[in-house]
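**Q** To be precise about what I am sending: the file is called entry_13.pdb and holds PDB, C-alpha atoms.
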```pdb
MODEL        1
ATOM      1  CA  MET A   1      -0.202  24.079 -14.069  1.00  0.00           C
ATOM      2  CA  GLY A   2      -1.697  22.704 -10.791  1.00  0.00           C
ATOM      3  CA  THR A   3      -0.181  19.828  -8.927  1.00  0.00           C
ATOM      4  CA  THR A   4      -2.205  16.886  -7.734  1.00  0.00           C
ATOM      5  CA  ARG A   5      -2.211  16.290  -4.021  1.00  0.00           C
ATOM      6  CA  PRO A   6      -0.466  13.047  -3.037  1.00  0.00           C
ATOM      7  CA  MET A   7      -2.447   9.839  -2.566  1.00  0.00           C
ATOM      8  CA  PHE A   8      -1.737   7.991   0.687  1.00  0.00           C
ATOM      9  CA  ALA A   9      -2.356   4.256   1.090  1.00  0.00           C
ATOM     10  CA  MET A  10      -2.793   2.784   4.575  1.00  0.00           C
ATOM     11  CA  LEU A  11      -2.029  -0.927   4.980  1.00  0.00           C
ATOM     12  CA  CYS A  12      -2.540  -3.550   7.661  1.00  0.00           C
ATOM     13  CA  ALA A  13      -3.335  -7.262   7.437  1.00  0.00           C
ATOM     14  CA  ASN A  14      -7.140  -7.172   7.265  1.00  0.00           C
ATOM     15  CA  ASN A  15      -8.177  -3.614   6.305  1.00  0.00           C
ATOM     16  CA  VAL A  16     -10.542  -3.469   9.275  1.00  0.00           C
ATOM     17  CA  ASN A  17      -8.541  -1.975  12.139  1.00  0.00           C
ATOM     18  CA  ARG A  18      -5.422   0.190  11.875  1.00  0.00           C
ATOM     19  CA  SER A  19      -5.588   0.930   8.154  1.00  0.00           C
ATOM     20  CA  THR A  20      -9.252   1.947   8.188  1.00  0.00           C
ATOM     21  CA  GLU A  21      -8.831   4.028  11.341  1.00  0.00           C
ATOM     22  CA  ALA A  22      -5.924   5.881   9.712  1.00  0.00           C
ATOM     23  CA  HIS A  23      -7.960   6.146   6.487  1.00  0.00           C
ATOM     24  CA  ASP A  24     -10.797   7.743   8.451  1.00  0.00           C
ATOM     25  CA  HIS A  25      -8.543  10.269  10.237  1.00  0.00           C
ATOM     26  CA  LEU A  26      -6.568  11.273   7.140  1.00  0.00           C
ATOM     27  CA  HIS A  27      -9.737  11.654   5.086  1.00  0.00           C
ATOM     28  CA  ALA A  28     -11.254  13.827   7.832  1.00  0.00           C
ATOM     29  CA  ALA A  29      -8.119  16.001   7.624  1.00  0.00           C
ATOM     30  CA  GLY A  30      -8.777  16.552   3.916  1.00  0.00           C
ATOM     31  CA  LEU A  31      -6.076  14.257   2.537  1.00  0.00           C
ATOM     32  CA  ARG A  32      -6.454  11.882  -0.395  1.00  0.00           C
ATOM     33  CA  VAL A  33      -6.312   8.410   1.124  1.00  0.00           C
ATOM     34  CA  CYS A  34      -7.200   4.789   0.505  1.00  0.00           C
ATOM     35  CA  SER A  35      -6.669   1.660   2.585  1.00  0.00           C
ATOM     36  CA  PHE A  36      -5.956  -2.012   2.008  1.00  0.00           C
ATOM     37  CA  GLY A  37      -5.155  -5.274   3.712  1.00  0.00           C
ATOM     38  CA  ALA A  38      -2.332  -7.556   2.633  1.00  0.00           C
ATOM     39  CA  GLY A  39      -3.352 -10.781   4.369  1.00  0.00           C
ATOM     40  CA  ASN A  40      -4.983 -13.783   2.718  1.00  0.00           C
ATOM     41  CA  ARG A  41      -8.374 -13.274   4.338  1.00  0.00           C
ATOM     42  CA  VAL A  42     -10.035 -10.962   6.846  1.00  0.00           C
ATOM     43  CA  ARG A  43      -9.811 -12.454  10.342  1.00  0.00           C
ATOM     44  CA  PHE A  44     -11.531 -11.577  13.601  1.00  0.00           C
ATOM     45  CA  PRO A  45     -11.006 -13.117  17.027  1.00  0.00           C
ATOM     46  CA  GLY A  46     -13.697 -15.678  17.792  1.00  0.00           C
ATOM     47  CA  PRO A  47     -14.807 -17.301  21.035  1.00  0.00           C
ATOM     48  CA  SER A  48     -11.361 -18.893  21.398  1.00  0.00           C
ATOM     49  CA  ARG A  49      -7.892 -18.313  19.984  1.00  0.00           C
ATOM     50  CA  ASP A  50      -8.248 -21.386  17.784  1.00  0.00           C
ATOM     51  CA  ASP A  51     -11.649 -20.361  16.395  1.00  0.00           C
ATOM     52  CA  PRO A  52     -11.320 -17.072  14.455  1.00  0.00           C
ATOM     53  CA  ARG A  53     -14.072 -15.709  12.246  1.00  0.00           C
ATOM     54  CA  ILE A  54     -12.792 -15.499   8.674  1.00  0.00           C
ATOM     55  CA  TYR A  55     -14.147 -13.556   5.695  1.00  0.00           C
ATOM     56  CA  GLU A  56     -12.996 -13.029   2.131  1.00  0.00           C
ATOM     57  CA  PHE A  57     -11.797  -9.569   1.146  1.00  0.00           C
ATOM     58  CA  PHE A  58     -14.541  -7.489  -0.530  1.00  0.00           C
ATOM     59  CA  THR A  59     -17.189  -8.879   1.867  1.00  0.00           C
ATOM     60  CA  PRO A  60     -19.070  -5.714   2.891  1.00  0.00           C
ATOM     61  CA  TYR A  61     -18.389  -4.515   6.426  1.00  0.00           C
ATOM     62  CA  GLU A  62     -22.164  -4.390   6.937  1.00  0.00           C
ATOM     63  CA  THR A  63     -22.470  -8.115   6.130  1.00  0.00           C
ATOM     64  CA  MET A  64     -19.706  -8.990   8.597  1.00  0.00           C
ATOM     65  CA  TYR A  65     -21.314  -6.780  11.237  1.00  0.00           C
ATOM     66  CA  ARG A  66     -24.754  -8.384  10.831  1.00  0.00           C
ATOM     67  CA  GLU A  67     -23.368 -11.930  10.885  1.00  0.00           C
ATOM     68  CA  LEU A  68     -21.099 -11.428  13.894  1.00  0.00           C
ATOM     69  CA  LYS A  69     -23.757  -9.538  15.845  1.00  0.00           C
ATOM     70  CA  GLY A  70     -26.258 -12.310  15.085  1.00  0.00           C
ATOM     71  CA  GLU A  71     -23.783 -15.000  16.105  1.00  0.00           C
ATOM     72  CA  ASN A  72     -22.736 -13.542  19.466  1.00  0.00           C
ATOM     73  CA  ALA A  73     -23.446  -9.840  20.001  1.00  0.00           C
ATOM     74  CA  GLU A  74     -22.055  -9.860  23.551  1.00  0.00           C
ATOM     75  CA  LEU A  75     -18.687 -11.370  22.558  1.00  0.00           C
ATOM     76  CA  PHE A  76     -18.136  -9.156  19.525  1.00  0.00           C
ATOM     77  CA  LYS A  77     -19.233  -6.037  21.401  1.00  0.00           C
ATOM     78  CA  ARG A  78     -16.939  -6.858  24.339  1.00  0.00           C
ATOM     79  CA  ASN A  79     -13.887  -7.481  22.134  1.00  0.00           C
ATOM     80  CA  GLY A  80     -14.485  -4.292  20.122  1.00  0.00           C
ATOM     81  CA  VAL A  81     -15.182  -5.927  16.758  1.00  0.00           C
ATOM     82  CA  LEU A  82     -18.690  -4.486  16.356  1.00  0.00           C
ATOM     83  CA  ALA A  83     -17.555  -0.928  17.151  1.00  0.00           C
ATOM     84  CA  MET A  84     -14.653  -1.307  14.727  1.00  0.00           C
ATOM     85  CA  LEU A  85     -16.991  -2.503  11.963  1.00  0.00           C
ATOM     86  CA  GLU A  86     -19.401   0.371  12.686  1.00  0.00           C
ATOM     87  CA  ARG A  87     -16.537   2.808  12.066  1.00  0.00           C
ATOM     88  CA  ASP A  88     -15.425   0.904   8.976  1.00  0.00           C
ATOM     89  CA  MET A  89     -18.933   1.057   7.458  1.00  0.00           C
ATOM     90  CA  LEU A  90     -18.751   4.850   7.642  1.00  0.00           C
ATOM     91  CA  THR A  91     -15.288   4.900   6.038  1.00  0.00           C
ATOM     92  CA  LYS A  92     -15.750   2.580   3.056  1.00  0.00           C
ATOM     93  CA  LYS A  93     -17.899  -0.297   1.823  1.00  0.00           C
ATOM     94  CA  CYS A  94     -15.600  -3.290   2.258  1.00  0.00           C
ATOM     95  CA  PRO A  95     -12.029  -4.375   2.964  1.00  0.00           C
ATOM     96  CA  GLN A  96      -9.832  -4.295  -0.119  1.00  0.00           C
ATOM     97  CA  ARG A  97      -6.763  -6.419  -0.730  1.00  0.00           C
ATOM     98  CA  TRP A  98      -3.475  -4.829  -1.839  1.00  0.00           C
ATOM     99  CA  GLN A  99      -2.558  -7.782  -4.045  1.00  0.00           C
ATOM    100  CA  ASP A 100      -5.706  -7.253  -6.139  1.00  0.00           C
ATOM    101  CA  LEU A 101      -4.561  -3.799  -7.300  1.00  0.00           C
ATOM    102  CA  SER A 102      -3.332  -3.466 -10.862  1.00  0.00           C
ATOM    103  CA  VAL A 103       0.100  -2.018 -11.587  1.00  0.00           C
ATOM    104  CA  LYS A 104      -1.670   1.067 -12.961  1.00  0.00           C
ATOM    105  CA  GLU A 105      -3.553   1.479  -9.664  1.00  0.00           C
ATOM    106  CA  LEU A 106      -0.311   1.033  -7.724  1.00  0.00           C
ATOM    107  CA  GLN A 107       1.322   3.771  -9.765  1.00  0.00           C
ATOM    108  CA  GLU A 108      -1.401   6.190  -8.648  1.00  0.00           C
ATOM    109  CA  LEU A 109      -0.221   5.840  -5.030  1.00  0.00           C
ATOM    110  CA  ASP A 110       2.388   8.263  -3.752  1.00  0.00           C
ATOM    111  CA  VAL A 111       2.960   7.117  -0.172  1.00  0.00           C
ATOM    112  CA  VAL A 112       2.315   3.662   1.280  1.00  0.00           C
ATOM    113  CA  LEU A 113       2.197   3.360   5.061  1.00  0.00           C
ATOM    114  CA  CYS A 114       2.387  -0.166   6.514  1.00  0.00           C
ATOM    115  CA  PHE A 115       1.316  -0.672  10.104  1.00  0.00           C
ATOM    116  CA  ASP A 116       3.578  -3.604  10.861  1.00  0.00           C
ATOM    117  CA  ASP A 117       6.861  -5.092   9.699  1.00  0.00           C
ATOM    118  CA  ARG A 118       5.277  -8.277   8.344  1.00  0.00           C
ATOM    119  CA  ILE A 119       2.942  -6.278   6.099  1.00  0.00           C
ATOM    120  CA  PHE A 120       5.840  -4.087   4.946  1.00  0.00           C
ATOM    121  CA  GLU A 121       7.728  -7.231   3.848  1.00  0.00           C
ATOM    122  CA  ILE A 122       4.643  -8.632   2.061  1.00  0.00           C
ATOM    123  CA  ILE A 123       4.179  -5.365   0.154  1.00  0.00           C
ATOM    124  CA  LEU A 124       7.839  -5.118  -0.849  1.00  0.00           C
ATOM    125  CA  GLU A 125       7.796  -8.709  -2.088  1.00  0.00           C
ATOM    126  CA  ASP A 126       4.588  -8.052  -4.028  1.00  0.00           C
ATOM    127  CA  LEU A 127       6.079  -4.969  -5.692  1.00  0.00           C
ATOM    128  CA  GLN A 128       9.242  -6.890  -6.604  1.00  0.00           C
ATOM    129  CA  LEU A 129       7.258  -9.800  -8.056  1.00  0.00           C
ATOM    130  CA  ARG A 130       5.139  -7.449 -10.138  1.00  0.00           C
ATOM    131  CA  GLY A 131       8.102  -5.412 -11.314  1.00  0.00           C
ATOM    132  CA  ALA A 132       6.137  -2.299 -10.328  1.00  0.00           C
ATOM    133  CA  ALA A 133       9.295  -0.282  -9.726  1.00  0.00           C
ATOM    134  CA  GLY A 134      10.213  -0.693 -13.367  1.00  0.00           C
ATOM    135  CA  GLY A 135       6.661  -0.594 -14.666  1.00  0.00           C
ATOM    136  CA  PRO A 136       5.512   0.740 -18.021  1.00  0.00           C
ATOM    137  CA  ASP A 137       6.411   4.326 -17.143  1.00  0.00           C
ATOM    138  CA  GLY A 138       9.834   3.394 -15.814  1.00  0.00           C
ATOM    139  CA  PRO A 139      11.459   3.844 -12.424  1.00  0.00           C
ATOM    140  CA  GLY A 140      10.329   6.736 -10.300  1.00  0.00           C
ATOM    141  CA  ASN A 141       6.605   6.024 -10.577  1.00  0.00           C
ATOM    142  CA  GLU A 142       6.446   3.488  -7.770  1.00  0.00           C
ATOM    143  CA  PRO A 143       4.978   4.419  -4.381  1.00  0.00           C
ATOM    144  CA  THR A 144       7.367   5.707  -1.742  1.00  0.00           C
ATOM    145  CA  MET A 145       8.271   2.817   0.574  1.00  0.00           C
ATOM    146  CA  ALA A 146      10.506   3.494   3.528  1.00  0.00           C
ATOM    147  CA  LYS A 147      10.896   1.374   6.611  1.00  0.00           C
ATOM    148  CA  LYS A 148      11.093   3.530   9.692  1.00  0.00           C
ATOM    149  CA  THR A 149      10.877   2.204  13.195  1.00  0.00           C
ATOM    150  CA  LEU A 150       9.738   4.791  15.695  1.00  0.00           C
ATOM    151  CA  SER A 151      11.503   4.997  19.039  1.00  0.00           C
ATOM    152  CA  GLY A 152       9.850   2.550  21.396  1.00  0.00           C
ATOM    153  CA  VAL A 153       7.673   1.063  18.637  1.00  0.00           C
ATOM    154  CA  GLY A 154       8.363  -2.088  16.645  1.00  0.00           C
TER     155      GLY A 154
ENDMDL
END
```
Go ahead and express the file in the form of structure tokens.
**A**
Amino acid sequence: MGTTRPMFAMLCANNVNRSTEAHDHLHAAGLRVCSFGAGNRVRFPGPSRDDPRIYEFFTPYETMYRELKGENAELFKRNGVLAMLERDMLTKKCPQRWQDLSVKELQELDVVLCFDDRIFEIILEDLQLRGAAGGPDGPGNEPTMAKKTLSGVG
């Protein structure tokens, strides 16, 4: 009887930067991987700190790229947003939101890697609210969640 390789989930706030970069690298290494954001909306820096560009999750990366490039190609090239979206378009179609996953989809994940403490707390709270740890198949089917702070990081 063959074993299924583990499924890794990469998480950050927007599913456009750290999580998709990790998704890309792990996929290139032959691992099973998916990525999500856990924020309310997808946010990019705009012309000023008080003027971000905001998109709903599931807006295709290509749409965001076209709109931001059309709005101010120089700004979004200089701040790295266009290059990031170019990479994202090659990785997957659009940013996905963790909170939109069903309990069944959550139970298919083996390891969840959060790229910042705030996202880790959001994910833990979401799992507790859903009761995913004691889901239909009982305890032991929830993703592995461990908070580990690396030396010099976080």
**Q** Go through the shown structure with the PyMOL selection byres ((chain A and resi 40) around 12) and write out the matching residues as a list of chain:residue names.
**A** A:Cys12, A:Ala13, A:Asn14, A:Asn15, A:Phe36, A:Gly37, A:Ala38, A:Gly39, A:Arg41, A:Val42, A:Arg43, A:Ile54, A:Tyr55, A:Glu56, A:Phe57, A:Phe58, A:Pro95, A:Gln96, A:Arg97, A:Trp98, A:Gln99, A:Asp100, A:Ile119, A:Ile122
**Q** Would you kindly translate the PyMOL selection byres ((chain A and resi 79) around 12) into the concrete residues it picks from this file, as a list of chain:residue names?
**A** A:Phe44, A:Pro45, A:Gly46, A:Pro47, A:Ser48, A:Leu68, A:Lys69, A:Asn72, A:Ala73, A:Glu74, A:Leu75, A:Phe76, A:Lys77, A:Arg78, A:Gly80, A:Val81, A:Leu82, A:Ala83, A:Met84, A:Leu85
**Q** Restricting the calculation to all atoms listed in the file: of A:Arg32, A:Met7, A:Glu21, A:Leu90, which residue gets closest to Leu106 (chain A)?
**A**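 When distances to Leu106 (chain A) are compared using all atoms listed in the file, the smallest one comes from A:Met7.
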**Q** How far is it from CA of Arg53 (chain A) to CA of Thr91 (chain A), in Å with one decimal?
**A** 21.6 Å
**Q** As an exercise, work out the distance from CA of Gly30 (chain A) to CA of Met10 (chain A) in Å and give it to one decimal place.
**A** 15.0 Å
**Q** To one decimal place in Å, what is the distance between CA of Asp88 (chain A) and CA of Ala28 (chain A)?
**A**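 That distance, rounded to one decimal, is 13.6 Å.
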**Q** Pick the closest to Asp126 (chain A) from A:Gly70, A:Val111, A:Asp51, A:Leu101: which is it, counting all atoms listed in the file?
**A**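 Of the candidates, the smallest distance to Asp126 (chain A) is held by A:Leu101.
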